[in-house]
$ cat input_7.csv   # CSV, C-alpha atoms
chain,number,residue,atom,x,y,z
A,1,MET,CA,10.1,12.3,35.8
A,2,THR,CA,11.7,12.0,32.4
A,3,HIS,CA,10.8,9.5,29.7
A,4,PRO,CA,12.4,8.8,26.3
A,5,PHE,CA,9.0,9.5,24.6
A,6,LEU,CA,8.5,12.7,26.5
A,7,ASP,CA,10.3,16.1,26.9
A,8,LEU,CA,11.8,15.9,23.4
A,9,THR,CA,13.4,18.8,21.6
A,10,PRO,CA,10.6,20.3,19.4
A,11,LEU,CA,10.6,19.1,15.8
A,12,GLY,CA,11.1,22.3,13.8
A,13,ALA,CA,10.2,23.1,10.2
A,14,ALA,CA,13.7,22.4,8.9
A,15,HIS,CA,13.7,18.9,10.4
A,16,PHE,CA,10.3,18.2,9.1
A,17,ALA,CA,11.3,19.3,5.6
A,18,ALA,CA,14.5,17.2,5.8
A,19,ILE,CA,12.4,14.1,6.5
A,20,GLU,CA,10.2,14.9,3.5
A,21,ASP,CA,13.3,15.1,1.3
A,22,ARG,CA,14.4,11.7,2.4
A,23,VAL,CA,11.0,10.2,1.6
A,24,ALA,CA,11.2,11.9,-1.9
A,25,ARG,CA,14.6,10.2,-2.4
A,26,LEU,CA,13.1,6.9,-1.4
A,27,LEU,CA,10.5,7.4,-4.2
A,28,ASP,CA,13.0,8.7,-6.7
A,29,THR,CA,10.7,11.6,-7.3
A,30,ARG,CA,11.1,15.3,-8.1
A,31,GLN,CA,7.5,16.0,-7.4
A,32,ASP,CA,6.4,17.7,-4.3
A,33,VAL,CA,6.2,15.3,-1.3
A,34,VAL,CA,3.8,16.2,1.6
A,35,ILE,CA,4.0,14.2,4.8
A,36,MET,CA,0.5,14.2,6.4
A,37,GLN,CA,-0.1,13.7,10.1
A,38,GLY,CA,-2.3,10.6,10.0
A,39,GLU,CA,-2.7,7.1,8.7
A,40,ALA,CA,-2.6,6.7,4.9
A,41,LEU,CA,-6.4,6.9,4.6
A,42,LEU,CA,-6.0,10.6,5.3
A,43,PRO,CA,-4.0,11.5,2.1
A,44,LEU,CA,-5.9,8.9,0.1
A,45,GLU,CA,-9.2,10.6,0.9
A,46,GLY,CA,-7.6,14.0,0.6
A,47,CYS,CA,-6.4,13.2,-3.0
A,48,ILE,CA,-9.8,12.1,-4.1
A,49,ARG,CA,-11.7,14.9,-2.5
A,50,GLY,CA,-9.1,17.4,-3.8
A,51,ALA,CA,-9.0,16.2,-7.4
A,52,ALA,CA,-12.6,14.9,-8.0
A,53,ARG,CA,-15.7,17.0,-8.3
A,54,THR,CA,-19.1,17.1,-9.8
A,55,GLY,CA,-18.6,16.3,-13.5
A,56,THR,CA,-15.4,14.2,-13.0
A,57,LYS,CA,-15.5,10.9,-14.9
A,58,ALA,CA,-13.4,8.4,-12.9
A,59,LEU,CA,-12.1,5.0,-13.7
A,60,ASN,CA,-11.8,3.1,-10.3
A,61,VAL,CA,-10.0,-0.2,-10.5
A,62,ILE,CA,-11.1,-2.7,-7.9
A,63,THR,CA,-8.7,-5.6,-7.1
A,64,GLY,CA,-9.5,-5.6,-3.3
A,65,PRO,CA,-11.3,-3.7,-0.6
A,66,TYR,CA,-9.5,-0.4,-0.9
A,67,GLY,CA,-10.6,0.0,-4.5
A,68,GLN,CA,-14.2,-0.3,-3.3
A,69,THR,CA,-13.6,2.5,-0.7
A,70,PHE,CA,-12.2,4.8,-3.4
A,71,GLY,CA,-15.3,4.4,-5.5
A,72,ASN,CA,-17.5,5.4,-2.6
A,73,TRP,CA,-15.4,8.5,-2.0
A,74,LEU,CA,-15.5,9.4,-5.7
A,75,ARG,CA,-19.3,9.1,-5.8
A,76,ASP,CA,-19.5,11.3,-2.6
A,77,CYS,CA,-17.6,14.0,-4.6
A,78,GLY,CA,-20.3,13.9,-7.3
A,79,ALA,CA,-18.0,12.0,-9.8
A,80,SER,CA,-19.4,9.6,-12.3
A,81,VAL,CA,-17.6,6.4,-11.6
A,82,VAL,CA,-16.7,3.5,-13.9
A,83,ASP,CA,-15.7,0.5,-11.7
A,84,LEU,CA,-13.3,-1.9,-13.3
A,85,ALA,CA,-13.5,-4.9,-11.0
A,86,VAL,CA,-11.4,-8.1,-11.5
A,87,PRO,CA,-11.5,-11.2,-9.3
A,88,PHE,CA,-9.4,-10.9,-6.2
A,89,HIS,CA,-7.3,-13.9,-7.2
A,90,THR,CA,-5.7,-12.0,-10.1
A,91,ALA,CA,-4.5,-8.6,-11.2
A,92,VAL,CA,-5.8,-6.0,-13.6
A,93,THR,CA,-4.1,-5.6,-16.9
A,94,ALA,CA,-3.2,-2.6,-19.0
A,95,ALA,CA,-5.4,-4.0,-21.8
A,96,GLN,CA,-8.4,-3.9,-19.5
A,97,VAL,CA,-7.7,-0.3,-18.6
A,98,GLU,CA,-7.3,0.6,-22.2
A,99,ALA,CA,-10.6,-1.1,-23.1
A,100,ALA,CA,-12.3,1.0,-20.4
A,101,PHE,CA,-10.9,4.2,-21.9
A,102,ALA,CA,-12.1,3.1,-25.3
A,103,GLU,CA,-15.6,2.6,-23.9
A,104,HIS,CA,-15.6,5.8,-21.8
A,105,PRO,CA,-13.3,8.3,-23.6
A,106,ASP,CA,-14.3,11.1,-21.2
A,107,ILE,CA,-12.5,9.4,-18.2
A,108,ASP,CA,-10.2,12.0,-16.6
A,109,PHE,CA,-9.3,10.4,-13.3
A,110,VAL,CA,-8.0,6.9,-12.5
A,111,SER,CA,-7.6,5.4,-9.1
A,112,LEU,CA,-5.6,2.2,-8.6
A,113,VAL,CA,-4.1,0.2,-5.7
A,114,HIS,CA,-0.6,-1.1,-6.4
A,115,ALA,CA,-0.3,-4.0,-4.0
A,116,GLU,CA,-3.4,-5.2,-2.2
A,117,ALA,CA,-2.1,-6.7,1.1
A,118,ALA,CA,-5.7,-7.7,2.0
A,119,THR,CA,-6.1,-10.0,-1.0
A,120,GLY,CA,-2.4,-10.7,-1.9
A,121,ASN,CA,-2.3,-9.4,-5.4
A,122,THR,CA,-0.3,-6.7,-7.1
A,123,ASN,CA,-1.0,-4.7,-10.3
A,124,PRO,CA,1.4,-3.8,-13.2
A,125,VAL,CA,1.5,-0.1,-12.6
A,126,ALA,CA,4.3,0.7,-15.1
A,127,GLU,CA,2.2,-0.7,-18.0
A,128,ILE,CA,-1.1,0.8,-16.7
A,129,GLY,CA,0.6,4.2,-16.2
A,130,GLU,CA,1.7,4.2,-19.8
A,131,VAL,CA,-2.0,3.7,-20.9
A,132,VAL,CA,-3.3,6.4,-18.5
A,133,ARG,CA,-0.6,8.9,-19.6
A,134,ALA,CA,-1.5,8.3,-23.3
A,135,HIS,CA,-5.1,9.0,-22.5
A,136,GLY,CA,-4.3,12.1,-20.5
A,137,ALA,CA,-6.2,11.2,-17.3
A,138,LEU,CA,-5.0,12.1,-13.8
A,139,PHE,CA,-3.5,9.0,-12.1
A,140,MET,CA,-3.8,8.3,-8.3
A,141,LEU,CA,-2.0,5.3,-6.9
A,142,ASP,CA,-2.3,3.7,-3.5
A,143,ALA,CA,1.3,2.4,-2.9
A,144,VAL,CA,0.9,1.9,0.9
A,145,ALA,CA,1.7,-1.8,0.7
A,146,SER,CA,4.1,-1.7,-2.2
A,147,VAL,CA,6.6,1.0,-1.2
A,148,ALA,CA,9.9,-0.6,-0.2
A,149,ALA,CA,8.7,-4.1,-1.2
A,150,GLU,CA,8.7,-3.8,-5.0
A,151,PRO,CA,9.7,-1.1,-7.5
A,152,LEU,CA,7.8,2.1,-7.2
A,153,LEU,CA,8.6,4.9,-9.6
A,154,PRO,CA,5.9,7.5,-9.6
A,155,ASP,CA,7.7,10.0,-12.0
A,156,ALA,CA,8.7,7.3,-14.5
A,157,TRP,CA,5.3,5.7,-14.4
A,158,GLY,CA,3.3,9.0,-14.8
A,159,VAL,CA,1.7,8.8,-11.4
A,160,ASP,CA,0.2,12.2,-10.4
A,161,LEU,CA,-0.8,11.3,-6.8
A,162,CYS,CA,1.2,8.5,-5.1
A,163,VAL,CA,0.3,7.8,-1.5
A,164,ILE,CA,2.5,5.7,0.8
A,165,GLY,CA,2.4,4.6,4.4
A,166,ALA,CA,5.3,3.4,6.5
A,167,GLN,CA,3.6,0.6,8.5
A,168,LYS,CA,4.1,-2.3,6.1
A,169,ALA,CA,7.3,-3.0,4.1
A,170,MET,CA,9.0,0.1,5.4
A,171,GLY,CA,8.7,-1.3,8.9
A,172,GLY,CA,7.7,2.1,10.4
A,173,PRO,CA,4.9,3.9,12.1
A,174,ALA,CA,1.2,3.9,11.1
A,175,GLY,CA,0.5,7.4,12.3
A,176,VAL,CA,2.1,9.3,9.4
A,177,SER,CA,1.9,9.0,5.7
A,178,ALA,CA,3.0,10.8,2.6
A,179,VAL,CA,1.9,11.7,-0.9
A,180,SER,CA,3.9,12.8,-4.0
A,181,VAL,CA,2.0,15.4,-6.0
A,182,SER,CA,2.6,16.3,-9.7
A,183,GLU,CA,2.2,19.8,-11.0
A,184,ARG,CA,-0.8,18.6,-13.0
A,185,ALA,CA,-2.5,17.4,-9.8
A,186,TRP,CA,-1.9,20.7,-8.0
A,187,GLU,CA,-3.4,22.5,-11.0
A,188,ARG,CA,-6.5,20.2,-10.9
A,189,MET,CA,-7.0,20.7,-7.2
A,190,ALA,CA,-6.5,24.5,-7.4
A,191,ALA,CA,-9.2,24.7,-10.1
A,192,ASN,CA,-11.6,22.6,-8.1
A,193,PRO,CA,-14.0,24.8,-6.1
A,194,GLU,CA,-15.1,21.7,-4.2
A,195,ALA,CA,-11.6,20.7,-3.0
A,196,PRO,CA,-11.2,20.8,0.8
A,197,ARG,CA,-9.7,24.0,2.1
A,198,ARG,CA,-8.8,25.0,5.7
A,199,SER,CA,-9.3,21.3,6.5
A,200,TYR,CA,-7.2,18.4,7.8
A,201,LEU,CA,-8.1,16.7,4.4
A,202,SER,CA,-6.7,19.6,2.4
A,203,LEU,CA,-3.6,19.0,0.3
A,204,LEU,CA,-4.0,22.6,-1.0
A,205,ASP,CA,-3.4,23.9,2.5
A,206,TRP,CA,0.0,22.2,2.5
A,207,LYS,CA,0.7,23.6,-0.9
A,208,GLU,CA,-0.2,27.2,-0.2
A,209,ARG,CA,0.9,27.5,3.4
A,210,TRP,CA,3.9,25.1,3.5
A,211,ILE,CA,5.4,24.5,0.1
A,212,ASP,CA,4.8,27.9,-1.5
A,213,GLY,CA,6.0,29.5,1.7
A,214,GLY,CA,9.4,27.8,1.3
A,215,ARG,CA,8.6,25.1,4.0
A,216,LYS,CA,9.5,27.5,6.8
A,217,ALA,CA,6.3,27.4,8.9
A,218,LEU,CA,4.3,24.2,9.7
A,219,LEU,CA,0.5,24.3,9.4
A,220,HIS,CA,0.2,22.9,13.0
A,221,ALA,CA,2.2,21.1,15.7
A,222,PRO,CA,3.8,18.0,14.1
A,223,ALA,CA,3.1,14.5,15.3
A,224,GLN,CA,6.6,14.4,16.7
A,225,LEU,CA,7.0,10.8,17.8
A,226,GLU,CA,5.6,9.5,14.5
A,227,MET,CA,7.9,11.8,12.5
A,228,LEU,CA,10.9,10.6,14.4
A,229,ALA,CA,9.9,7.0,13.9
A,230,LEU,CA,9.4,7.7,10.1
A,231,GLU,CA,12.9,9.2,10.0
A,232,ALA,CA,14.3,6.2,11.8
A,233,CYS,CA,12.7,3.7,9.5
A,234,VAL,CA,14.0,5.6,6.4
A,235,GLU,CA,17.4,5.5,8.0
A,236,ARG,CA,17.1,1.8,8.4
A,237,ILE,CA,16.1,1.3,4.8
A,238,GLU,CA,19.0,3.4,3.6
A,239,ALA,CA,21.3,1.3,5.7
A,240,GLU,CA,20.0,-2.0,4.4
A,241,GLY,CA,19.7,-0.7,0.8
A,242,LEU,CA,16.3,-0.4,-1.0
A,243,GLU,CA,17.3,-3.1,-3.5
A,244,ALA,CA,18.2,-5.5,-0.7
A,245,LEU,CA,15.0,-4.8,1.1
A,246,MET,CA,12.9,-5.5,-2.0
A,247,ARG,CA,14.8,-8.7,-2.6
A,248,ARG,CA,14.1,-9.8,1.0
A,249,HIS,CA,10.3,-9.2,0.4
A,250,ALA,CA,10.3,-11.0,-2.9
A,251,THR,CA,12.2,-14.0,-1.4
A,252,ALA,CA,9.7,-14.1,1.5
A,253,ALA,CA,6.8,-14.3,-0.9
A,254,THR,CA,8.4,-17.0,-3.1
A,255,ALA,CA,9.3,-19.0,0.0
A,256,THR,CA,5.8,-18.8,1.5
A,257,ARG,CA,4.1,-19.8,-1.7
A,258,ALA,CA,6.5,-22.7,-2.2
A,259,GLY,CA,6.3,-23.8,1.4
A,260,ALA,CA,2.5,-23.7,1.4
A,261,LEU,CA,2.3,-25.9,-1.8
A,262,ALA,CA,4.8,-28.4,-0.3
A,263,LEU,CA,2.8,-28.5,3.0
A,264,GLY,CA,-0.1,-30.1,1.2
A,265,GLY,CA,-3.3,-30.9,3.0
A,266,GLY,CA,-5.4,-29.0,0.4
A,267,LEU,CA,-3.8,-25.6,1.1
A,268,GLU,CA,-3.4,-23.6,-2.1
A,269,PRO,CA,-2.3,-20.1,-3.1
A,270,TYR,CA,-5.3,-17.7,-3.3
A,271,VAL,CA,-3.7,-15.7,-6.1
A,272,TYR,CA,-3.5,-18.1,-9.0
A,273,GLU,CA,-0.4,-16.8,-10.8
A,274,ALA,CA,2.9,-16.1,-8.9
A,275,ALA,CA,3.5,-13.1,-11.1
A,276,ASP,CA,0.3,-11.5,-9.8
A,277,ALA,CA,1.2,-12.2,-6.1
A,278,ALA,CA,2.2,-9.3,-3.9
A,279,PRO,CA,5.6,-9.4,-2.1
A,280,VAL,CA,4.1,-8.2,1.2
A,281,ALA,CA,1.5,-10.9,1.9
A,282,THR,CA,0.7,-14.3,0.6
A,283,THR,CA,-2.9,-15.3,0.7
A,284,LEU,CA,-3.9,-18.9,0.9
A,285,ARG,CA,-7.1,-20.7,0.2
A,286,ALA,CA,-8.1,-22.9,3.1
A,287,PRO,CA,-8.7,-26.6,2.4
A,288,ARG,CA,-12.1,-27.6,1.3
A,289,GLY,CA,-14.5,-27.9,4.2
A,290,VAL,CA,-12.2,-26.2,6.7
A,291,ASP,CA,-12.9,-22.7,8.2
A,292,ALA,CA,-9.9,-20.4,7.6
A,293,SER,CA,-10.6,-18.4,10.7
A,294,ASP,CA,-10.6,-21.5,12.8
A,295,LEU,CA,-7.2,-22.6,11.3
A,296,VAL,CA,-5.7,-19.2,12.0
A,297,ALA,CA,-7.0,-19.2,15.6
A,298,ARG,CA,-5.5,-22.7,16.2
A,299,ALA,CA,-2.1,-21.6,14.7
A,300,LEU,CA,-2.1,-18.4,16.8
A,301,ALA,CA,-2.9,-20.3,20.0
A,302,ALA,CA,0.5,-21.8,19.8
A,303,ASP,CA,2.3,-18.5,18.9
A,304,PRO,CA,0.1,-15.4,19.1
A,305,VAL,CA,2.7,-13.1,17.6
A,306,LEU,CA,2.9,-14.8,14.2
A,307,PRO,CA,1.7,-12.6,11.3
A,308,LEU,CA,-1.2,-14.8,10.4
A,309,VAL,CA,-4.8,-13.5,9.9
A,310,ALA,CA,-8.0,-14.7,8.3
A,311,GLY,CA,-9.4,-12.9,5.3
A,312,GLY,CA,-11.7,-9.9,6.0
A,313,GLY,CA,-15.5,-9.9,5.7
A,314,THR,CA,-16.8,-12.6,3.4
A,315,LEU,CA,-13.3,-14.0,2.9
A,316,ALA,CA,-13.0,-14.9,6.6
A,317,LYS,CA,-14.0,-18.6,6.0
A,318,GLU,CA,-11.8,-19.2,3.0
A,319,MET,CA,-8.7,-17.0,3.0
A,320,ILE,CA,-5.6,-17.2,5.2
A,321,ARG,CA,-3.1,-14.4,5.0
A,322,VAL,CA,0.6,-14.6,5.9
A,323,ASN,CA,1.9,-11.1,6.3
A,324,HIS,CA,5.6,-11.1,5.5
A,325,TYR,CA,6.5,-7.5,5.4
A,326,GLY,CA,9.0,-5.2,7.2
A,327,PRO,CA,10.7,-7.1,10.0
A,328,ASP,CA,8.6,-10.1,9.3
A,329,ALA,CA,10.1,-10.6,5.8
A,330,THR,CA,12.5,-13.3,7.1
A,331,ARG,CA,13.1,-17.0,6.7
A,332,GLY,CA,12.4,-17.6,10.4
A,333,VAL,CA,9.0,-15.9,10.3
A,334,VAL,CA,8.0,-17.8,7.1
A,335,HIS,CA,9.2,-21.1,8.6
A,336,ALA,CA,7.3,-20.5,11.9
A,337,SER,CA,4.1,-19.4,10.1
A,338,LEU,CA,3.9,-22.4,7.9
A,339,ALA,CA,4.8,-24.8,10.8
A,340,ALA,CA,2.0,-23.3,12.9
A,341,LEU,CA,-0.5,-23.6,10.0
A,342,GLY,CA,0.7,-27.2,9.4
A,343,ALA,CA,0.2,-28.1,13.1
A,344,ALA,CA,-3.3,-26.6,13.0
A,345,MET,CA,-4.2,-28.5,9.9
A,346,GLY,CA,-3.0,-31.7,11.6
A,347,GLU,CA,-5.3,-31.0,14.6
A,348,VAL,CA,-8.3,-31.0,12.3
A,349,GLY,CA,-7.2,-34.3,10.6
A,350,LEU,CA,-5.5,-33.1,7.5
A,351,ALA,CA,-2.4,-34.9,6.3
A,352,VAL,CA,0.5,-32.4,5.9
A,353,ASP,CA,4.2,-32.7,5.3
A,354,LEU,CA,6.0,-30.2,7.6
A,355,GLU,CA,9.5,-31.4,6.5
A,356,ALA,CA,8.7,-30.8,2.8
A,357,ALA,CA,7.4,-27.3,3.7
A,358,ARG,CA,10.6,-26.6,5.6
A,359,ARG,CA,12.8,-27.8,2.8
A,360,ALA,CA,10.8,-25.7,0.2
A,361,VAL,CA,11.2,-22.6,2.3
A,362,THR,CA,14.9,-23.2,2.8
A,363,HIS,CA,15.5,-23.9,-0.9
A,364,ALA,CA,13.6,-20.7,-1.9
A,365,TRP,CA,15.6,-18.6,0.5
A,366,ALA,CA,18.9,-20.1,-0.7
$ encode --input "input_7.csv" --output "structure tokens"
Amino acid sequence: MTHPFLDLTPLGAAHFAAIEDRVARLLDTRQDVVIMQGEALLPLEGCIRGAARTGTKALNVITGPYGQTFGNWLRDCGASVVDLAVPFHTAVTAAQVEAAFAEHPDIDFVSLVHAEAATGNTNPVAEIGEVVRAHGALFMLDAVASVAAEPLLPDAWGVDLCVIGAQKAMGGPAGVSAVSVSERAWERMAANPEAPRRSYLSLLDWKERWIDGGRKALLHAPAQLEMLALEACVERIEAEGLEALMRRHATAATATRAGALALGGGLEPYVYEAADAAPVATTLRAPRGVDASDLVARALAADPVLPLVAGGGTLAKEMIRVNHYGPDATRGVVHASLAALGAAMGEVGLAVDLEAARRAVTHAWA
């Protein structure tokens, strides 16, 4: 019995390398790009464990839950960590990073999340990268949520380790991810006796056995279905055009924010300033006295495929997230999401204006 997911022609090294090259073009980078065979947490942890060691002084910027995770990994590696935490309703600034360097001049590693889909904010990486580059620290960026939704230029911004995943704005699979690696980052990892080697976490294994070998022999059997899906989603981005795709995400974010404000009923943007809001997800603060998770459950009861979720952990009672990324960055999805939220708010006795929300979304899209 044949099946379209089975009995495929094996994915060879040349095909694998060609997909890496397409990802590099998407990032506009001349750095080495390594596609890793797992969700983006794999290269994120691999970057930290490869570049950090006992004696490292790290600045870890926290604007959401992933920044907290990075700090834990850095401490596991023996690094001394300076956490720069800002409220989740805002973004970090280059001035705050510069002040951290002034207070801790021995910082030699910086970890930052570009867009925090979980909290709905995005950080000004270009400005921060300029500060980090002037200081001389190694710069790691989690761009999983931002890639294909907003400008991402690791070379121009001085990013040494830029990790992406395809499952959000790229509209691709979650099972593969990629990282661009600067020459400085390779040198840092090669000089680190504590960096993973002969390990699934090891970026050095890819460097020494794949890149230095001319990309002729893969380390192991590739995740074929995920690689083909990654190739397909890059093809789709190329067909739509990266600029057009980013405009679509920006419009979805603007429309969602405008529609939520017009809806009324006490619903407010969680991220205060529109300039700090991520293009992949709009977070909303539930009306006073209303449980966000209950509102989301009511909205999803009418349409369970809508990209609505309550905030994670302690934010579950107060935050609603509208995920408008990839195929969901459309006017129809935004309309449907706000209509479902409005109906749920009406069920609990809140006065809302569904027509005003519809008009605001339509106007923003136009």
$ residues_near_point --input "input_7.csv" --point "(-4.7, 6.3, 1.0)" --cutoff "6 Å" --atoms "all atoms listed in the file" --output "ChimeraX atom specification"
/A:40-41,43-44,142,163
$ atom_distance --input "input_7.csv" --atom1 "CA of Asn60 (chain A)" --atom2 "CA of Ser146 (chain A)"
18.5 Å
$ closest_residue --input "input_7.csv" --among "A:Val334, A:Leu138, A:Ala99, A:Ala91" --to "Arg184 (chain A)" --atoms "only C-alpha atoms"
A:Leu138
$ atom_distance --input "input_7.csv" --atom1 "CA of Ala250 (chain A)" --atom2 "CA of Ile128 (chain A)"
21.4 Å
$ atom_distance --input "input_7.csv" --atom1 "CA of Leu338 (chain A)" --atom2 "CA of Cys233 (chain A)"
27.6 Å
$ closest_residue --input "input_7.csv" --among "A:Met345, A:Ile107, A:Ala143, A:Ala51" --to "Asp83 (chain A)" --atoms "all atoms listed in the file"
A:Ile107
$ residues_around --input "input_7.csv" --residues "Ala148 (chain A)" --least-positions-apart "5" --cutoff "9 Å" --atoms "only C-alpha atoms" --output "tab-separated table (two decimals) with C-alpha atoms, in the coordinates of the input"
chain	number	residue	atom	x	y	z
A	26	LEU	CA	13.10	6.90	-1.40
A	27	LEU	CA	10.50	7.40	-4.20
A	168	LYS	CA	4.10	-2.30	6.10
A	169	ALA	CA	7.30	-3.00	4.10
A	170	MET	CA	9.00	0.10	5.40
A	237	ILE	CA	16.10	1.30	4.80
A	242	LEU	CA	16.30	-0.40	-1.00
A	243	GLU	CA	17.30	-3.10	-3.50
A	245	LEU	CA	15.00	-4.80	1.10
A	246	MET	CA	12.90	-5.50	-2.00
A	249	HIS	CA	10.30	-9.20	0.40
A	326	GLY	CA	9.00	-5.20	7.20
$ residues_around --input "input_7.csv" --residues "region 254-271 of chain A" --least-positions-apart "5" --cutoff "6 Å" --atoms "all atoms listed in the file" --output "PyMOL selection string"
chain A and resi 89-90+283-287+350-354+356-357+360-361+364
$ write_last_selection --input "input_7.csv" --atoms "C-alpha atoms" --output "JSON list (two decimals), in the coordinates of the input"
[["chain", "number", "residue", "atom", "x", "y", "z"],
["A", 89, "HIS", "CA", -7.30, -13.90, -7.20],
["A", 90, "THR", "CA", -5.70, -12.00, -10.10],
["A", 283, "THR", "CA", -2.90, -15.30, 0.70],
["A", 284, "LEU", "CA", -3.90, -18.90, 0.90],
["A", 285, "ARG", "CA", -7.10, -20.70, 0.20],
["A", 286, "ALA", "CA", -8.10, -22.90, 3.10],
["A", 287, "PRO", "CA", -8.70, -26.60, 2.40],
["A", 350, "LEU", "CA", -5.50, -33.10, 7.50],
["A", 351, "ALA", "CA", -2.40, -34.90, 6.30],
["A", 352, "VAL", "CA", 0.50, -32.40, 5.90],
["A", 353, "ASP", "CA", 4.20, -32.70, 5.30],
["A", 354, "LEU", "CA", 6.00, -30.20, 7.60],
["A", 356, "ALA", "CA", 8.70, -30.80, 2.80],
["A", 357, "ALA", "CA", 7.40, -27.30, 3.70],
["A", 360, "ALA", "CA", 10.80, -25.70, 0.20],
["A", 361, "VAL", "CA", 11.20, -22.60, 2.30],
["A", 364, "ALA", "CA", 13.60, -20.70, -1.90]]
$ residues_near_point --input "input_7.csv" --point "(0.4, 22.7, -2.3)" --cutoff "10 Å" --atoms "all atoms listed in the file" --output "VMD selection string"
chain A and resid 32 to 34 181 183 185 to 187 189 to 190 202 to 213
$ closest_residue --input "input_7.csv" --among "A:Gly50, A:Tyr325, A:Glu150, A:Arg288" --to "Ser199 (chain A)" --atoms "only C-alpha atoms"
A:Gly50
$ closest_residue --input "input_7.csv" --among "A:Val92, A:Ala217, A:Val113, A:Ala174" --to "Ala13 (chain A)" --atoms "only C-alpha atoms"
A:Ala217
$ closest_residue --input "input_7.csv" --among "A:Ala149, A:Val348, A:Ala137, A:Ile19" --to "Leu161 (chain A)" --atoms "all atoms listed in the file"
A:Ala137
$ closest_residue --input "input_7.csv" --among "A:Ile164, A:Val144, A:Leu59, A:Leu315" --to "Pro105 (chain A)" --atoms "all atoms listed in the file"
A:Leu59
$ residues_around --input "input_7.csv" --residues "region 121-124 of chain A" --least-positions-apart "3" --cutoff "12 Å" --atoms "all atoms listed in the file" --output "PyMOL selection string"
chain A and resi 61-65+86-97+112-118+127-131+141-147+149-153+157+253+269-284+321
$ residues_around --input "input_7.csv" --residues "region 5-11 of chain A" --least-positions-apart "3" --cutoff "8 Å" --atoms "only C-alpha atoms" --output "list of chain:residue names"
A:Thr2, A:His15, A:Phe16, A:Pro222, A:Gln224, A:Leu225
